[in-house]
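Engineer: What follows is the file query03.csv, containing CSV, C-alpha atoms:
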```
chain,number,residue,atom,x,y,z
A,569,MET,CA,-16.6,-29.1,-19.3
A,570,VAL,CA,-20.2,-28.3,-18.2
A,571,TYR,CA,-21.2,-24.7,-18.1
A,572,GLY,CA,-24.5,-25.3,-16.3
A,573,GLY,CA,-25.9,-22.1,-14.7
A,574,TYR,CA,-24.1,-19.7,-17.1
A,575,GLU,CA,-26.6,-19.9,-19.9
A,576,PRO,CA,-28.8,-16.8,-20.3
A,577,ALA,CA,-32.6,-17.3,-20.2
A,578,SER,CA,-33.8,-18.8,-23.4
A,579,GLY,CA,-34.6,-16.2,-26.0
A,580,ALA,CA,-32.6,-13.4,-24.4
A,581,PRO,CA,-29.9,-12.0,-26.7
A,582,ARG,CA,-26.5,-13.0,-25.6
A,583,ARG,CA,-24.4,-10.1,-24.7
A,584,HIS,CA,-20.8,-10.1,-25.9
A,585,ARG,CA,-18.5,-10.2,-22.9
A,586,ALA,CA,-15.0,-8.8,-23.6
A,587,ILE,CA,-12.4,-9.4,-21.0
A,588,LYS,CA,-9.5,-7.0,-21.4
A,589,ILE,CA,-6.0,-8.0,-20.1
A,590,LEU,CA,-3.0,-5.8,-20.5
A,591,LEU,CA,0.5,-7.1,-21.0
A,592,ALA,CA,3.2,-4.6,-20.1
A,593,GLY,CA,6.9,-4.6,-19.8
A,594,GLY,CA,10.1,-3.2,-21.3
A,595,PHE,CA,11.1,-3.3,-24.9
A,596,GLY,CA,12.2,-6.8,-26.1
A,597,VAL,CA,11.0,-8.6,-23.0
A,598,GLY,CA,8.8,-11.0,-25.0
A,599,LYS,CA,5.3,-9.4,-25.1
A,600,THR,CA,4.7,-10.2,-28.7
A,601,THR,CA,6.0,-13.8,-28.2
A,602,LEU,CA,3.7,-14.4,-25.2
A,603,VAL,CA,0.6,-12.9,-27.0
A,604,GLY,CA,1.4,-15.1,-30.0
A,605,ALA,CA,1.9,-18.3,-27.9
A,606,VAL,CA,-1.5,-18.2,-26.4
A,607,SER,CA,-3.8,-16.4,-28.8
A,608,GLU,CA,-4.7,-15.6,-32.3
A,609,ILE,CA,-2.4,-12.6,-32.7
A,610,ARG,CA,-3.7,-9.7,-34.9
A,611,PRO,CA,-2.1,-6.6,-36.2
A,612,LEU,CA,-3.2,-3.3,-34.7
A,613,ARG,CA,-1.7,0.1,-35.2
A,614,THR,CA,-2.7,3.4,-33.9
A,615,GLU,CA,-1.9,6.7,-35.3
A,616,GLU,CA,-2.7,8.8,-32.4
A,617,PRO,CA,-2.8,12.6,-32.2
A,618,LEU,CA,-0.2,13.7,-29.7
A,619,THR,CA,-2.1,14.8,-26.7
A,620,GLU,CA,-1.0,17.4,-24.2
A,621,SER,CA,0.0,14.6,-21.8
A,622,SER,CA,2.4,13.1,-24.3
A,623,LYS,CA,3.7,16.3,-25.7
A,624,HIS,CA,5.8,17.1,-22.7
A,625,VAL,CA,7.7,13.9,-22.9
A,626,ASP,CA,7.9,13.6,-26.7
A,627,SER,CA,10.3,16.3,-27.8
A,628,THR,CA,8.7,18.1,-30.7
A,629,VAL,CA,11.3,20.9,-30.8
A,630,GLY,CA,11.9,21.5,-34.5
A,631,VAL,CA,9.2,19.0,-35.6
A,632,GLU,CA,6.2,21.1,-34.9
A,633,ARG,CA,4.3,19.6,-37.8
A,634,LYS,CA,4.4,16.1,-36.2
A,635,THR,CA,1.0,16.0,-34.5
A,636,THR,CA,0.5,12.3,-34.6
A,637,THR,CA,2.6,9.4,-33.5
A,638,THR,CA,2.4,5.8,-34.7
A,639,VAL,CA,2.3,3.0,-32.2
A,640,ALA,CA,2.1,-0.6,-33.2
A,641,MET,CA,0.5,-2.8,-30.6
A,642,ASP,CA,0.2,-6.5,-30.0
A,643,PHE,CA,-3.3,-7.5,-29.9
A,644,GLY,CA,-4.5,-11.1,-29.4
A,645,ARG,CA,-7.9,-12.7,-29.1
A,646,ILE,CA,-8.8,-15.9,-27.3
A,647,THR,CA,-12.4,-17.0,-27.9
A,648,LEU,CA,-13.4,-18.9,-24.7
A,649,ARG,CA,-17.0,-19.2,-25.6
A,650,GLU,CA,-19.0,-17.6,-28.4
A,651,ASP,CA,-20.0,-14.8,-26.1
A,652,LEU,CA,-16.9,-14.6,-23.9
A,653,VAL,CA,-13.7,-13.4,-25.5
A,654,LEU,CA,-10.4,-12.5,-23.9
A,655,TYR,CA,-8.5,-9.6,-25.5
A,656,LEU,CA,-4.8,-9.3,-24.8
A,657,PHE,CA,-3.1,-6.0,-25.4
A,658,GLY,CA,0.6,-5.8,-25.4
A,659,THR,CA,1.2,-2.2,-24.4
A,660,PRO,CA,4.2,-0.2,-25.6
A,661,GLY,CA,6.6,-0.2,-22.7
A,662,GLN,CA,8.0,3.3,-22.9
A,663,GLU,CA,6.5,6.0,-20.7
A,664,ARG,CA,5.8,8.3,-23.6
A,665,PHE,CA,3.0,5.9,-24.6
A,666,TRP,CA,1.2,6.3,-21.3
A,667,PHE,CA,-1.6,8.0,-23.2
A,668,MET,CA,-2.3,4.7,-24.9
A,669,TRP,CA,-2.1,2.9,-21.6
A,670,ASP,CA,-4.9,5.1,-20.2
A,671,GLU,CA,-7.2,4.1,-23.0
A,672,LEU,CA,-6.3,0.4,-22.7
A,673,ALA,CA,-6.4,0.3,-18.9
A,674,LEU,CA,-9.9,1.6,-18.8
A,675,GLY,CA,-12.1,-1.4,-18.0
A,676,ALA,CA,-9.2,-3.8,-17.9
A,677,VAL,CA,-9.6,-6.8,-15.6
A,678,GLY,CA,-5.9,-7.0,-14.8
A,679,ALA,CA,-2.4,-6.9,-16.1
A,680,VAL,CA,0.6,-9.0,-16.5
A,681,VAL,CA,4.0,-7.3,-16.1
A,682,LEU,CA,6.5,-9.3,-18.1
A,683,ALA,CA,10.0,-8.9,-16.8
A,684,ASP,CA,13.5,-10.0,-17.8
A,685,THR,CA,15.7,-10.6,-14.8
A,686,ARG,CA,18.7,-9.1,-16.6
A,687,ARG,CA,16.8,-5.8,-16.9
A,688,LEU,CA,14.4,-5.7,-14.0
A,689,ALA,CA,14.3,-1.9,-13.9
A,690,ASP,CA,12.6,-1.9,-17.2
A,691,CYS,CA,9.4,-3.0,-15.6
A,692,PHE,CA,9.3,-0.4,-12.8
A,693,PRO,CA,7.2,2.1,-14.7
A,694,ALA,CA,4.6,-0.5,-15.5
A,695,ILE,CA,4.4,-1.6,-11.8
A,696,ASP,CA,4.0,2.0,-10.6
A,697,TYR,CA,1.4,2.6,-13.2
A,698,PHE,CA,-0.8,-0.4,-12.2
A,699,GLU,CA,-0.3,0.2,-8.5
A,700,ARG,CA,-1.4,3.8,-8.8
A,701,ARG,CA,-4.6,2.8,-10.6
A,702,ASP,CA,-5.5,-0.1,-8.5
A,703,ILE,CA,-5.4,-2.5,-11.4
A,704,PRO,CA,-4.7,-6.0,-10.2
A,705,PHE,CA,-1.5,-7.3,-11.7
A,706,ILE,CA,1.0,-10.2,-11.5
A,707,ILE,CA,4.7,-10.4,-12.5
A,708,ALA,CA,5.8,-13.0,-15.0
A,709,LEU,CA,9.5,-13.5,-15.3
A,710,ASN,CA,10.4,-14.5,-18.8
A,711,VAL,CA,13.2,-16.9,-18.4
A,712,PHE,CA,15.8,-16.3,-21.1
A,713,GLU,CA,18.4,-18.8,-21.9
A,714,GLY,CA,21.8,-17.9,-20.6
A,715,ALA,CA,20.3,-15.5,-18.0
A,716,ARG,CA,21.3,-16.2,-14.4
A,717,ARG,CA,18.3,-17.7,-12.6
A,718,TYR,CA,17.1,-15.7,-9.6
A,719,SER,CA,14.7,-16.9,-7.1
A,720,VAL,CA,11.2,-15.5,-7.0
A,721,GLU,CA,11.9,-14.1,-3.6
A,722,ASP,CA,15.1,-12.3,-4.8
A,723,VAL,CA,12.9,-10.7,-7.5
A,724,ARG,CA,10.2,-9.8,-5.0
A,725,THR,CA,12.8,-8.1,-2.8
A,726,ALA,CA,14.4,-6.3,-5.8
A,727,LEU,CA,11.0,-5.0,-6.9
A,728,ASP,CA,9.8,-4.2,-3.4
A,729,LEU,CA,6.5,-6.1,-3.9
A,730,ASP,CA,3.8,-7.2,-1.5
A,731,PRO,CA,4.1,-10.8,-0.4
A,732,SER,CA,0.6,-11.5,-1.8
A,733,LEU,CA,1.5,-10.5,-5.3
A,734,PRO,CA,2.1,-13.5,-7.5
A,735,ILE,CA,5.4,-13.8,-9.3
A,736,VAL,CA,5.7,-16.6,-11.8
A,737,MET,CA,8.5,-17.9,-14.0
A,738,CYS,CA,7.4,-18.4,-17.6
A,739,ASP,CA,8.7,-19.2,-21.1
A,740,ALA,CA,6.9,-16.8,-23.3
A,741,ARG,CA,7.3,-19.1,-26.3
A,742,SER,CA,5.3,-21.9,-24.7
A,743,ARG,CA,1.6,-22.0,-25.0
A,744,GLU,CA,1.2,-24.0,-21.8
A,745,SER,CA,3.4,-21.5,-19.9
A,746,ALA,CA,1.6,-18.5,-21.3
A,747,LYS,CA,-1.7,-20.1,-20.3
A,748,GLU,CA,-0.5,-20.6,-16.8
A,749,VAL,CA,0.4,-16.9,-16.6
A,750,LEU,CA,-3.1,-15.9,-17.6
A,751,ILE,CA,-4.6,-18.4,-15.2
A,752,THR,CA,-2.5,-17.0,-12.4
A,753,LEU,CA,-3.6,-13.5,-13.2
A,754,ILE,CA,-7.4,-14.4,-13.2
A,755,GLU,CA,-6.9,-16.3,-9.9
A,756,HIS,CA,-5.2,-13.2,-8.5
A,757,VAL,CA,-8.1,-11.0,-9.7
A,758,LEU,CA,-10.5,-13.3,-7.9
A,759,TYR,CA,-8.4,-13.1,-4.8
A,760,VAL,CA,-8.1,-9.4,-4.7
A,761,THR,CA,-11.8,-8.7,-5.5
A,762,ASP,CA,-12.7,-11.1,-2.8
A,763,THR,CA,-10.6,-9.3,-0.2
A,764,THR,CA,-11.9,-5.9,-1.4
A,765,VAL,CA,-15.5,-7.1,-0.7
A,766,ALA,CA,-14.5,-8.5,2.7
A,767,ARG,CA,-13.0,-5.2,3.8
B,1487,MET,CA,17.9,24.4,-39.3
B,1488,PRO,CA,15.8,23.6,-42.4
B,1489,SER,CA,12.2,24.8,-42.4
B,1490,ASN,CA,9.5,22.3,-41.6
B,1491,GLU,CA,8.5,22.0,-45.3
B,1492,GLU,CA,12.0,20.9,-46.2
B,1493,ARG,CA,12.1,18.5,-43.2
B,1494,TRP,CA,8.9,16.7,-44.0
B,1495,LEU,CA,8.0,16.9,-47.7
B,1496,ASP,CA,11.0,15.2,-49.3
B,1497,ALA,CA,11.2,11.9,-51.0
B,1498,GLU,CA,11.9,10.2,-47.7
B,1499,ALA,CA,8.9,11.5,-46.0
B,1500,GLY,CA,6.7,8.7,-47.1
B,1501,PRO,CA,3.1,9.0,-48.2
B,1502,VAL,CA,1.9,12.6,-48.0
B,1503,VAL,CA,-1.7,11.5,-47.5
B,1504,ARG,CA,-1.7,10.8,-43.8
B,1505,PRO,CA,-4.3,8.4,-42.2
B,1506,TYR,CA,-6.3,11.3,-40.9
B,1507,ALA,CA,-6.8,12.6,-44.4
B,1508,LEU,CA,-9.5,9.9,-44.6
B,1509,THR,CA,-11.4,11.7,-41.8
B,1510,GLN,CA,-10.9,15.2,-43.3
B,1511,GLY,CA,-8.4,15.9,-40.6
B,1512,ARG,CA,-10.7,15.2,-37.7
B,1513,THR,CA,-8.9,13.5,-34.8
B,1514,ARG,CA,-11.9,12.9,-32.5
B,1515,HIS,CA,-15.0,11.0,-33.3
B,1516,SER,CA,-18.4,12.6,-32.8
B,1517,GLY,CA,-20.8,11.6,-30.0
B,1518,GLU,CA,-20.3,9.7,-26.9
B,1519,ALA,CA,-17.0,8.0,-26.2
B,1520,PHE,CA,-16.8,4.2,-26.8
B,1521,ASP,CA,-14.5,1.5,-25.5
B,1522,LEU,CA,-12.0,-0.4,-27.6
B,1523,VAL,CA,-13.8,-3.6,-27.1
B,1524,ALA,CA,-17.3,-2.1,-27.5
B,1525,THR,CA,-19.4,-4.0,-30.1
B,1526,VAL,CA,-20.4,-2.4,-33.4
B,1527,THR,CA,-23.4,-3.7,-35.3
B,1528,THR,CA,-25.1,-2.4,-38.4
B,1529,THR,CA,-28.7,-1.3,-38.3
B,1530,GLN,CA,-30.8,-2.0,-41.3
B,1531,ALA,CA,-31.2,1.7,-41.9
B,1532,ARG,CA,-31.0,2.9,-45.5
B,1533,ILE,CA,-28.0,4.9,-46.5
B,1534,ARG,CA,-29.5,8.2,-47.6
B,1535,ASP,CA,-26.3,9.7,-49.1
B,1536,PRO,CA,-23.9,7.0,-50.2
B,1537,GLY,CA,-21.7,9.7,-51.8
B,1538,GLY,CA,-21.1,11.2,-48.4
B,1539,LEU,CA,-19.3,8.0,-47.3
B,1540,GLY,CA,-15.8,6.8,-48.2
B,1541,PRO,CA,-14.9,3.3,-49.2
B,1542,GLU,CA,-13.5,2.8,-45.7
B,1543,HIS,CA,-16.9,3.5,-44.2
B,1544,PHE,CA,-18.3,0.7,-46.4
B,1545,SER,CA,-15.5,-1.6,-45.2
B,1546,VAL,CA,-16.5,-1.0,-41.6
B,1547,LEU,CA,-20.2,-1.5,-42.4
B,1548,GLN,CA,-19.4,-4.8,-44.1
B,1549,LEU,CA,-17.5,-6.0,-41.1
B,1550,ALA,CA,-20.2,-4.9,-38.7
B,1551,GLN,CA,-22.9,-6.9,-40.3
B,1552,ARG,CA,-22.1,-9.3,-37.5
B,1553,PRO,CA,-21.4,-7.7,-34.0
B,1554,THR,CA,-17.7,-6.9,-34.1
B,1555,THR,CA,-15.5,-5.1,-31.6
B,1556,VAL,CA,-13.8,-1.8,-32.4
B,1557,VAL,CA,-10.3,-3.3,-32.2
B,1558,ASP,CA,-11.3,-6.2,-34.5
B,1559,ILE,CA,-12.6,-3.8,-37.1
B,1560,ALA,CA,-9.4,-1.7,-36.8
B,1561,SER,CA,-7.3,-4.8,-37.3
B,1562,ASP,CA,-9.3,-6.1,-40.3
B,1563,VAL,CA,-9.5,-2.8,-42.2
B,1564,ASP,CA,-5.8,-2.2,-41.4
B,1565,LEU,CA,-6.3,1.4,-40.5
B,1566,PRO,CA,-5.1,3.0,-37.3
B,1567,LEU,CA,-7.4,2.7,-34.4
B,1568,GLY,CA,-7.9,6.5,-34.1
B,1569,VAL,CA,-9.1,6.7,-37.7
B,1570,VAL,CA,-11.4,3.7,-37.3
B,1571,ARG,CA,-13.0,5.3,-34.2
B,1572,ILE,CA,-13.9,8.4,-36.3
B,1573,LEU,CA,-15.4,6.3,-39.1
B,1574,ILE,CA,-17.5,4.4,-36.6
B,1575,GLY,CA,-18.6,7.6,-35.0
B,1576,ASP,CA,-19.7,8.9,-38.4
B,1577,LEU,CA,-21.7,5.7,-39.1
B,1578,ARG,CA,-23.3,6.0,-35.6
B,1579,GLU,CA,-24.3,9.6,-36.3
B,1580,LEU,CA,-26.0,8.5,-39.5
B,1581,GLY,CA,-27.9,5.8,-37.7
B,1582,LEU,CA,-26.1,3.0,-39.7
B,1583,VAL,CA,-24.5,1.3,-36.7
B,1584,THR,CA,-25.1,0.9,-33.0
B,1585,ILE,CA,-22.4,0.6,-30.5
B,1586,GLN,CA,-22.9,-1.5,-27.5
B,1587,ALA,CA,-20.6,-0.9,-24.5
B,1588,PRO,CA,-19.0,-4.0,-23.1
B,1589,VAL,CA,-20.4,-5.4,-19.9
B,1590,PRO,CA,-18.4,-3.7,-17.2
B,1591,MET,CA,-15.4,-5.9,-16.7
B,1592,MET,CA,-13.3,-3.8,-14.4
B,1593,ALA,CA,-11.9,-5.8,-11.6
B,1594,GLN,CA,-13.9,-3.9,-9.1
B,1595,GLN,CA,-17.2,-4.5,-10.8
B,1596,ILE,CA,-16.7,-7.8,-12.5
B,1597,ASP,CA,-19.1,-10.6,-11.9
B,1598,ARG,CA,-17.2,-13.4,-10.2
B,1599,ASN,CA,-19.0,-16.0,-12.2
B,1600,THR,CA,-17.6,-14.6,-15.3
B,1601,LEU,CA,-14.1,-14.7,-13.8
B,1602,ARG,CA,-14.6,-18.4,-12.9
B,1603,GLU,CA,-15.9,-19.0,-16.4
B,1604,VAL,CA,-12.7,-17.4,-17.8
B,1605,LEU,CA,-10.6,-19.7,-15.6
B,1606,HIS,CA,-12.5,-22.8,-16.8
B,1607,GLY,CA,-12.1,-21.6,-20.4
B,1608,LEU,CA,-8.4,-21.0,-20.0
B,1609,ARG,CA,-7.8,-24.4,-18.3
B,1610,GLY,CA,-9.6,-26.1,-21.1
B,1611,LEU,CA,-7.6,-24.4,-23.9
```
Hey, can you dump this file as structure tokens for me?
Structural biologist:
Amino acid sequence: MVYGGYEPASGAPRRHRAIKILLAGGFGVGKTTLVGAVSEIRPLRTEEPLTESSKHVDSTVGVERKTTTTVAMDFGRITLREDLVLYLFGTPGQERFWFMWDELALGAVGAVVLADTRRLADCFPAIDYFERRDIPFIIALNVFEGARRYSVEDVRTALDLDPSLPIVMCDARSRESAKEVLITLIEHVLYVTDTTVAR
Amino acid sequence: MPSNEERWLDAEAGPVVRPYALTQGRTRHSGEAFDLVATVTTTQARIRDPGGLGPEHFSVLQLAQRPTTVVDIASDVDLPLGVVRILIGDLRELGLVTIQAPVPMMAQQIDRNTLREVLHGLRGL
């Protein structure tokens, strides 16, 4: 692969470019598996002070001393070039972790909403979240063995999604499949940023 | 209903020293906010008061000898992100590290050449 034209002027310090991608979805949908399939997965935990925004959903009645909450996140790194690194963040699916999402979503290029056709409703909060914040996203259907296969169009109807929004089938365990998911997302980001400019 | 003391400070409660004890209870770092993927790099400034720093500060300094992102540091020192942010904020205040914001990578601002480069990179993996 030739990267002609991308090299900075000689002598100029290379600036580290970090591409942040979010991976959202319900509990047990395969986020960790997908991050691990395509990247160097690393442990990351947060011990976050409970903010006002999370207090109202996290019942603290009787546990007033609990002012922090521990959240384990999936964090993966794909080094594409020395100065170009892709960071994947598997975000805790539950709504009470939205305070973490806000931090992660800031500056994110886009998001993958991983869905399980047996529990499609689990991904509704993530879809709403990214739609409201204008973060480009795609849906990846993790195909579990034994699950009834639905067509992409059935899923699109069930989720009430725009026809231009990509929905892909994937196997979160497969590196090639996980790669395809990320490629589809970046292509979609290119597409939506193009149409934004044209408007 | 037992009192809070009884609820929390029993044998099952786990370590009594919570992660934020390392930061003297502070939950916010000093100075300007920085991104999770901002790059931290040590300056060559002399440490005037080594006694004022904890071993965790030195671990961060060690890692930041090469430009390293906030999340990578948090993962390597195995401390919660919130705690690591505070340690990095302290080091910045002392002039021991610089924090470089990532190039804006929001979809709305991203340079399309970079996105194409990402696509090339992913296809070549």
Engineer: Could you name the residues that touch B:Thr1525 at 8 Å or less, counting all atoms listed in the file, but leaving out those on the same chain fewer than 6 positions away, as a list in words?
Structural biologist: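 The filter keeps His584 of chain A; Pro1553, Thr1554, Thr1555, Val1556, Ile1585, Gln1586, Ala1587 and Pro1588 of chain B.
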Engineer: How far is it from atom CA of A:Val677 to atom CA of A:Met641, in Å with one decimal?
Structural biologist: 18.5 Å
Engineer: Counting all atoms listed in the file, find residues at most 12 Å from (-9.2, 1.1, -42.1) (file frame) and give them as an mmCIF file with C-alpha atoms, keeping the file's coordinate frame.
Structural biologist:
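Resulting contents of selection.cif:
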```
data_model
loop_
_atom_site.group_PDB
_atom_site.id
_atom_site.type_symbol
_atom_site.label_atom_id
_atom_site.label_comp_id
_atom_site.auth_asym_id
_atom_site.auth_seq_id
_atom_site.Cartn_x
_atom_site.Cartn_y
_atom_site.Cartn_z
ATOM 1 C CA LEU A 612 -3.200 -3.300 -34.700
ATOM 2 C CA ARG A 613 -1.700 0.100 -35.200
ATOM 3 C CA THR A 614 -2.700 3.400 -33.900
ATOM 4 C CA GLU A 615 -1.900 6.700 -35.300
ATOM 5 C CA PRO B 1505 -4.300 8.400 -42.200
ATOM 6 C CA TYR B 1506 -6.300 11.300 -40.900
ATOM 7 C CA ALA B 1507 -6.800 12.600 -44.400
ATOM 8 C CA LEU B 1508 -9.500 9.900 -44.600
ATOM 9 C CA THR B 1509 -11.400 11.700 -41.800
ATOM 10 C CA GLY B 1540 -15.800 6.800 -48.200
ATOM 11 C CA PRO B 1541 -14.900 3.300 -49.200
ATOM 12 C CA GLU B 1542 -13.500 2.800 -45.700
ATOM 13 C CA HIS B 1543 -16.900 3.500 -44.200
ATOM 14 C CA PHE B 1544 -18.300 0.700 -46.400
ATOM 15 C CA SER B 1545 -15.500 -1.600 -45.200
ATOM 16 C CA VAL B 1546 -16.500 -1.000 -41.600
ATOM 17 C CA LEU B 1547 -20.200 -1.500 -42.400
ATOM 18 C CA GLN B 1548 -19.400 -4.800 -44.100
ATOM 19 C CA LEU B 1549 -17.500 -6.000 -41.100
ATOM 20 C CA VAL B 1556 -13.800 -1.800 -32.400
ATOM 21 C CA VAL B 1557 -10.300 -3.300 -32.200
ATOM 22 C CA ASP B 1558 -11.300 -6.200 -34.500
ATOM 23 C CA ILE B 1559 -12.600 -3.800 -37.100
ATOM 24 C CA ALA B 1560 -9.400 -1.700 -36.800
ATOM 25 C CA SER B 1561 -7.300 -4.800 -37.300
ATOM 26 C CA ASP B 1562 -9.300 -6.100 -40.300
ATOM 27 C CA VAL B 1563 -9.500 -2.800 -42.200
ATOM 28 C CA ASP B 1564 -5.800 -2.200 -41.400
ATOM 29 C CA LEU B 1565 -6.300 1.400 -40.500
ATOM 30 C CA PRO B 1566 -5.100 3.000 -37.300
ATOM 31 C CA LEU B 1567 -7.400 2.700 -34.400
ATOM 32 C CA GLY B 1568 -7.900 6.500 -34.100
ATOM 33 C CA VAL B 1569 -9.100 6.700 -37.700
ATOM 34 C CA VAL B 1570 -11.400 3.700 -37.300
ATOM 35 C CA ARG B 1571 -13.000 5.300 -34.200
ATOM 36 C CA ILE B 1572 -13.900 8.400 -36.300
ATOM 37 C CA LEU B 1573 -15.400 6.300 -39.100
ATOM 38 C CA ILE B 1574 -17.500 4.400 -36.600
#
```
Engineer: Extract, using only C-alpha atoms, all DNA, RNA and protein residues at most 8 Å from stretch 705-711 of chain A, discarding same-chain residues fewer than 3 positions from it, and format them as a count of residues only.
Structural biologist: 26
Engineer: Using Å and a single decimal, report how far atom CA of A:Lys588 sits from atom CA of A:Asp728.
Structural biologist: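 Pair atom CA of A:Asp728 / atom CA of A:Lys588 returns 26.5 Å.
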Engineer: I'd like the contact shell of A:Leu602 - 8 Å cut-off, all atoms listed in the file, skipping same-chain residues fewer than 5 positions apart - returned as a PyMOL selection string.
Structural biologist: chain A and resi 740-743+746
